[in-house]
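Please read the structure below before turning to the comments.
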Amino acid sequence: MLAHLINGISLGSIYAIIALGYTMVYGIAKMLNFAHGDVIMVGGYVSFCFMSYMNVPAPIAVLLAMAICTVLGITIERLAYKPLRSATSLAVLITAIGMSYFLQNSALIIWGANPKAYPNIFKDIEAFEMVGGARVSPVAVVAITANLVIMIILTLFTSRTKMGKAMRAVSEDKGAATLMGINVNFTISMTFAIGSGLAAIAGVLLCTAYPTLMPTTGSMPGIKAFTAAVFGGIGSIPGAMIGGILLGVIEILARAYISSELADAIVFGVLIVVLIFRPTGLLGKQIHEKV
């Protein structure tokens, strides 16, 4: 049981890092970036190329993947989403789905459809043994630690820095933020940049934990991370972390004690139950608008 819980928290930490990108973009731009899961895939491929073809050390490869995904996130926002700032939600949603397919098929053309074996970054580090005989893999320790560190940094960033306060202001009211001198377009672009940089970290962790890299690598984890964001309360940074961890634990326990085939159905079933009784998610707040 202890081993399953640790594995669930580790997987949930990866979901949480991905969910932070979803929740930040939705909380500030009020849109669902369904291409976010494919940015994860790009981060995995970029780090794979640097480590496998150029023999770049893993830490530097991760930083380079973060830089490239950050630029990619800004480019996607400028080209695909900025022109639709005043468009309907349906138009933005269709564009996001189209961008997702564009990234998948671009990866298919560049890297091919054959699965690639992702390098084992922690091959020289043995698993840690805990009380009770449970063994914890290095990637689990790194995933949990990275999730906590990113969560703390993002919380401090949004509450203490000028840019973080600007993001919160844009989230509350774009019109009022513009009147106060905040560059709304730049603020939204920086939100995409941060979310895409986090997606690169999640892509590396995901490919290290499950070392098979394909153009569809980020699709299912991206959907589950979006589920985690909704579960915890989309728009809430702590909610993304809590939702991701709970989702990971539920998935691992379902695979271990119920059925590996039904695990995904159980995960989405739990989400449905939560949304029936609490539509805003665990930490989401219900907002009343005067009309």
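Chain identifiers are assigned as A, B, and so on, following the order in which chains appear in the structure tokens; residues are numbered from 1 within each chain, and ligands are numbered from 1 in order of appearance.
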Pick out the residues sitting within 7 Å of Ala96 in chain A, and hand them over as a compact mmCIF listing (two decimals) with N, CA and C atoms, in the first residue's frame; count only C-alpha atoms, and ignore anything fewer than 5 positions along from it in its own chain.
```txt
# COMPACT_ATOMS: atom_id res chain seq x y z
N ASN A 33 -6.64 25.79 -23.22
CA ASN A 33 -5.58 25.55 -24.20
C ASN A 33 -5.36 24.05 -24.35
N PHE A 34 -6.14 23.42 -25.23
CA PHE A 34 -6.04 21.97 -25.39
C PHE A 34 -4.77 21.57 -26.13
N ALA A 35 -4.00 22.52 -26.62
CA ALA A 35 -2.70 22.21 -27.23
C ALA A 35 -1.63 22.03 -26.17
```
Exercise. Got a sec: who's within 12 Å of Leu179 in chain A, counting only C-alpha atoms, leaving out chain neighbours fewer than 6 positions off, as a PyMOL selection string?
Worked result: chain A and resi 169-170+173
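Near Ala146 in chain A, within 9 Å and counting only C-alpha atoms, sit Ser13, Ile14, Ile17, Val141, Val142, Ala143, Val149, Ile150, Met151 and Ile201 of chain A; same-chain residues fewer than 3 positions away were not included.
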Serialized selection, C-alpha atoms, as a compact mmCIF listing (two decimals), in the first residue's frame:
```
# COMPACT_ATOMS: atom_id res chain seq x y z
CA SER A 13 2.75 15.33 -9.12
CA ILE A 14 3.36 15.09 -12.87
CA ILE A 17 2.65 20.26 -13.00
CA VAL A 141 11.40 11.67 -5.61
CA VAL A 142 12.26 14.24 -8.29
CA ALA A 143 8.63 14.52 -9.46
CA VAL A 149 9.04 23.60 -5.43
CA ILE A 150 7.06 24.79 -8.48
CA MET A 151 3.94 25.17 -6.37
CA ILE A 201 9.46 19.82 -17.17
```
Problem set entry | Spatial neighbours of range 100-110 of chain A, max dist 10 Å, only C-alpha atoms, sep filter under 3 positions, as JSON, numbers by chain | {"A": [33, 34, 35, 36, 37, 38, 39, 41, 42, 45, 94, 95, 96, 97, 113, 114, 214, 215, 216, 217, 218, 219]}
Preceding selection exported with C-alpha atoms as a PDB file, in the first residue's frame:
```pdb
ATOM      1  CA  ASN A  33      -5.576  25.552 -24.196  1.00  0.00           C
ATOM      2  CA  PHE A  34      -6.036  21.973 -25.392  1.00  0.00           C
ATOM      3  CA  ALA A  35      -2.704  22.206 -27.229  1.00  0.00           C
ATOM      4  CA  HIS A  36      -0.994  22.192 -23.829  1.00  0.00           C
ATOM      5  CA  GLY A  37      -0.712  18.387 -23.794  1.00  0.00           C
ATOM      6  CA  ASP A  38       1.138  18.498 -27.109  1.00  0.00           C
ATOM      7  CA  VAL A  39       3.618  21.054 -25.773  1.00  0.00           C
ATOM      8  CA  MET A  41       5.242  16.013 -26.154  1.00  0.00           C
ATOM      9  CA  VAL A  42       7.434  18.670 -27.795  1.00  0.00           C
ATOM     10  CA  TYR A  45      11.191  15.216 -28.019  1.00  0.00           C
ATOM     11  CA  ILE A  94     -11.930  24.844 -32.102  1.00  0.00           C
ATOM     12  CA  THR A  95      -8.657  26.722 -32.654  1.00  0.00           C
ATOM     13  CA  ALA A  96      -7.101  25.024 -29.615  1.00  0.00           C
ATOM     14  CA  ILE A  97      -8.090  21.587 -30.911  1.00  0.00           C
ATOM     15  CA  ALA A 113       5.538   7.462 -35.896  1.00  0.00           C
ATOM     16  CA  ASN A 114       7.867   4.823 -34.420  1.00  0.00           C
ATOM     17  CA  MET A 214       5.558   9.144 -29.480  1.00  0.00           C
ATOM     18  CA  PRO A 215       3.737  12.070 -31.155  1.00  0.00           C
ATOM     19  CA  THR A 216       0.719  11.237 -28.981  1.00  0.00           C
ATOM     20  CA  THR A 217       2.728  11.068 -25.743  1.00  0.00           C
ATOM     21  CA  GLY A 218       1.047  14.080 -24.144  1.00  0.00           C
ATOM     22  CA  SER A 219      -2.533  13.416 -25.257  1.00  0.00           C
TER      23      SER A 219
END
```
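The coordinates place CA of Gly222 in chain A at 8.0 Å from CA of Ile40 in chain A.
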For this session: Just list the residues in range 163-240 of chain A DSSP gives alpha helix (DSSP H) on the backbone, as a ChimeraX atom specification.
Result: /A:163-172,174-179,184-209,219-232,237-240
Selected residues written out, C-alpha atoms, as a short mmCIF file (atom, residue, chain, number, x, y, z; two decimals), in the first residue's frame:
```cif
data_model
loop_
_atom_site.label_atom_id
_atom_site.label_comp_id
_atom_site.auth_asym_id
_atom_site.auth_seq_id
_atom_site.Cartn_x
_atom_site.Cartn_y
_atom_site.Cartn_z
CA MET A 163 3.93 40.53 -12.93
CA GLY A 164 2.08 38.11 -10.65
CA LYS A 165 -0.17 40.89 -9.38
CA ALA A 166 -0.78 41.96 -12.97
CA MET A 167 -1.85 38.41 -13.79
CA ARG A 168 -4.29 38.41 -10.90
CA ALA A 169 -5.67 41.78 -12.00
CA VAL A 170 -6.17 40.56 -15.58
CA SER A 171 -7.86 37.46 -14.20
CA GLU A 172 -10.34 39.61 -12.25
CA LYS A 174 -9.30 42.73 -18.22
CA GLY A 175 -10.98 46.09 -18.84
CA ALA A 176 -10.15 47.48 -15.41
CA ALA A 177 -6.60 46.13 -15.66
CA THR A 178 -6.14 47.96 -18.98
CA LEU A 179 -7.39 51.21 -17.43
CA VAL A 184 -3.06 42.66 -20.97
CA ASN A 185 -1.62 41.07 -24.12
CA PHE A 186 1.87 40.88 -22.63
CA THR A 187 0.50 39.47 -19.38
CA ILE A 188 -1.40 36.71 -21.20
CA SER A 189 1.70 35.90 -23.28
CA MET A 190 3.76 35.53 -20.11
CA THR A 191 1.10 33.18 -18.73
CA PHE A 192 1.47 30.97 -21.81
CA ALA A 193 5.25 31.18 -21.46
CA ILE A 194 5.20 29.97 -17.85
CA GLY A 195 2.69 27.22 -18.58
CA SER A 196 4.70 25.96 -21.57
CA GLY A 197 7.94 25.99 -19.60
CA LEU A 198 6.26 23.85 -16.94
CA ALA A 199 4.97 21.56 -19.70
CA ALA A 200 8.58 20.88 -20.74
CA ILE A 201 9.46 19.82 -17.17
CA ALA A 202 6.39 17.58 -17.06
CA GLY A 203 7.33 16.10 -20.44
CA VAL A 204 10.79 15.12 -19.22
CA LEU A 205 9.40 13.62 -16.00
CA LEU A 206 6.66 11.77 -17.88
CA CYS A 207 9.07 10.29 -20.43
CA THR A 208 11.50 9.31 -17.66
CA ALA A 209 8.76 7.53 -15.70
CA SER A 219 -2.53 13.42 -25.26
CA MET A 220 -3.85 11.19 -22.47
CA PRO A 221 -1.72 12.74 -19.67
CA GLY A 222 -2.87 16.14 -20.91
CA ILE A 223 -6.53 15.11 -20.69
CA LYS A 224 -6.00 13.67 -17.21
CA ALA A 225 -4.16 16.82 -16.12
CA PHE A 226 -7.07 18.92 -17.38
CA THR A 227 -9.34 16.63 -15.38
CA ALA A 228 -7.11 17.24 -12.35
CA ALA A 229 -7.37 21.00 -12.86
CA VAL A 230 -11.17 20.78 -12.98
CA PHE A 231 -11.15 18.36 -10.03
CA GLY A 232 -9.17 20.75 -7.84
CA ILE A 237 -3.02 26.98 -8.30
CA PRO A 238 -3.32 24.99 -5.01
CA GLY A 239 -6.35 23.26 -6.52
CA ALA A 240 -4.28 22.07 -9.48
#
```
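Of the residues listed (A:Ala67, A:Val25, A:Ile152, A:Val267), A:Val267 shows the shortest atom-to-atom separation from Leu247 in chain A; distances use only C-alpha atoms.
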Exercise. From the set A:Ile252, A:Ile276, A:Met31, A:Ala19, which residue has the shortest atom-to-atom contact distance to Leu84 in chain A, counting only C-alpha atoms?
Worked result: A:Met31
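When the distance limit is 7 Å and only C-alpha atoms are what count, the residues near range 60-63 of chain A, minus those fewer than 3 positions from it on the same chain, are Ser47, Phe50, Met51, Val56, Pro57, Met66, Ala67 and Ile201 of chain A.
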Go ahead and write the residues just picked, C-alpha atoms, as a PDB file, in the first residue's frame.
```pdb
ATOM      1  CA  SER A  47      15.125  16.935 -24.526  1.00  0.00           C
ATOM      2  CA  PHE A  50      19.637  16.978 -27.083  1.00  0.00           C
ATOM      3  CA  MET A  51      20.510  13.982 -24.896  1.00  0.00           C
ATOM      4  CA  VAL A  56      24.020  17.109 -23.840  1.00  0.00           C
ATOM      5  CA  PRO A  57      23.835  16.461 -20.060  1.00  0.00           C
ATOM      6  CA  MET A  66      12.050  24.622 -21.218  1.00  0.00           C
ATOM      7  CA  ALA A  67      13.429  27.528 -23.270  1.00  0.00           C
ATOM      8  CA  ILE A 201       9.457  19.817 -17.169  1.00  0.00           C
TER       9      ILE A 201
END
```
For this session: Return as a ChimeraX atom specification the full set of residues in range 57-262 of chain A whose backbone-based DSSP assignment is strand (DSSP E or B).
Result: /A:116-117,128-129,135-136,212-213
Mind dumping the selected residues with N, CA and C atoms as an mmCIF file, in the first residue's frame?
```
data_model
loop_
_atom_site.group_PDB
_atom_site.id
_atom_site.type_symbol
_atom_site.label_atom_id
_atom_site.label_comp_id
_atom_site.auth_asym_id
_atom_site.auth_seq_id
_atom_site.Cartn_x
_atom_site.Cartn_y
_atom_site.Cartn_z
ATOM 1 N N LYS A 116 10.111 5.916 -29.580
ATOM 2 C CA LYS A 116 11.522 6.102 -29.283
ATOM 3 C C LYS A 116 11.764 5.849 -27.805
ATOM 4 N N ALA A 117 12.861 5.185 -27.509
ATOM 5 C CA ALA A 117 13.206 4.871 -26.116
ATOM 6 C C ALA A 117 13.860 6.090 -25.475
ATOM 7 N N PHE A 128 15.416 4.313 -3.678
ATOM 8 C CA PHE A 128 15.502 4.522 -2.233
ATOM 9 C C PHE A 128 14.574 3.540 -1.522
ATOM 10 N N GLU A 129 15.082 2.959 -0.431
ATOM 11 C CA GLU A 129 14.278 2.001 0.336
ATOM 12 C C GLU A 129 13.743 2.684 1.582
ATOM 13 N N ARG A 135 10.145 0.532 -2.006
ATOM 14 C CA ARG A 135 11.233 1.162 -2.742
ATOM 15 C C ARG A 135 10.680 2.305 -3.603
ATOM 16 N N VAL A 136 11.371 3.428 -3.536
ATOM 17 C CA VAL A 136 10.942 4.627 -4.239
ATOM 18 C C VAL A 136 11.955 4.938 -5.327
ATOM 19 N N THR A 212 8.679 5.779 -23.208
ATOM 20 C CA THR A 212 8.302 5.562 -24.600
ATOM 21 C C THR A 212 7.793 6.879 -25.147
ATOM 22 N N LEU A 213 8.459 7.398 -26.171
ATOM 23 C CA LEU A 213 8.145 8.721 -26.698
ATOM 24 C C LEU A 213 7.507 8.594 -28.075
#
```
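When CA of Cys69 in chain A is paired with CA of Val46 in chain A, their separation reads 8.8 Å.
Straight-line separation from CA of Thr280 in chain A to CA of Leu262 in chain A: 25.7 Å.
Distance annotation: of A:Met99, A:Ala29, A:Val139, A:Ile258, the residue with the minimal separation from Phe122 in chain A is A:Val139; atom set is only C-alpha atoms.
The nearest approach to Met241 in chain A among the residues A:Gly12, A:Pro211, A:Gly98, A:Pro83, with only C-alpha atoms taken into account, belongs to A:Gly12.
Nearest residue to Asn7 in chain A, choosing from A:Ile68, A:Cys49, A:Leu90, A:Ile250 and counting only C-alpha atoms: A:Ile250.
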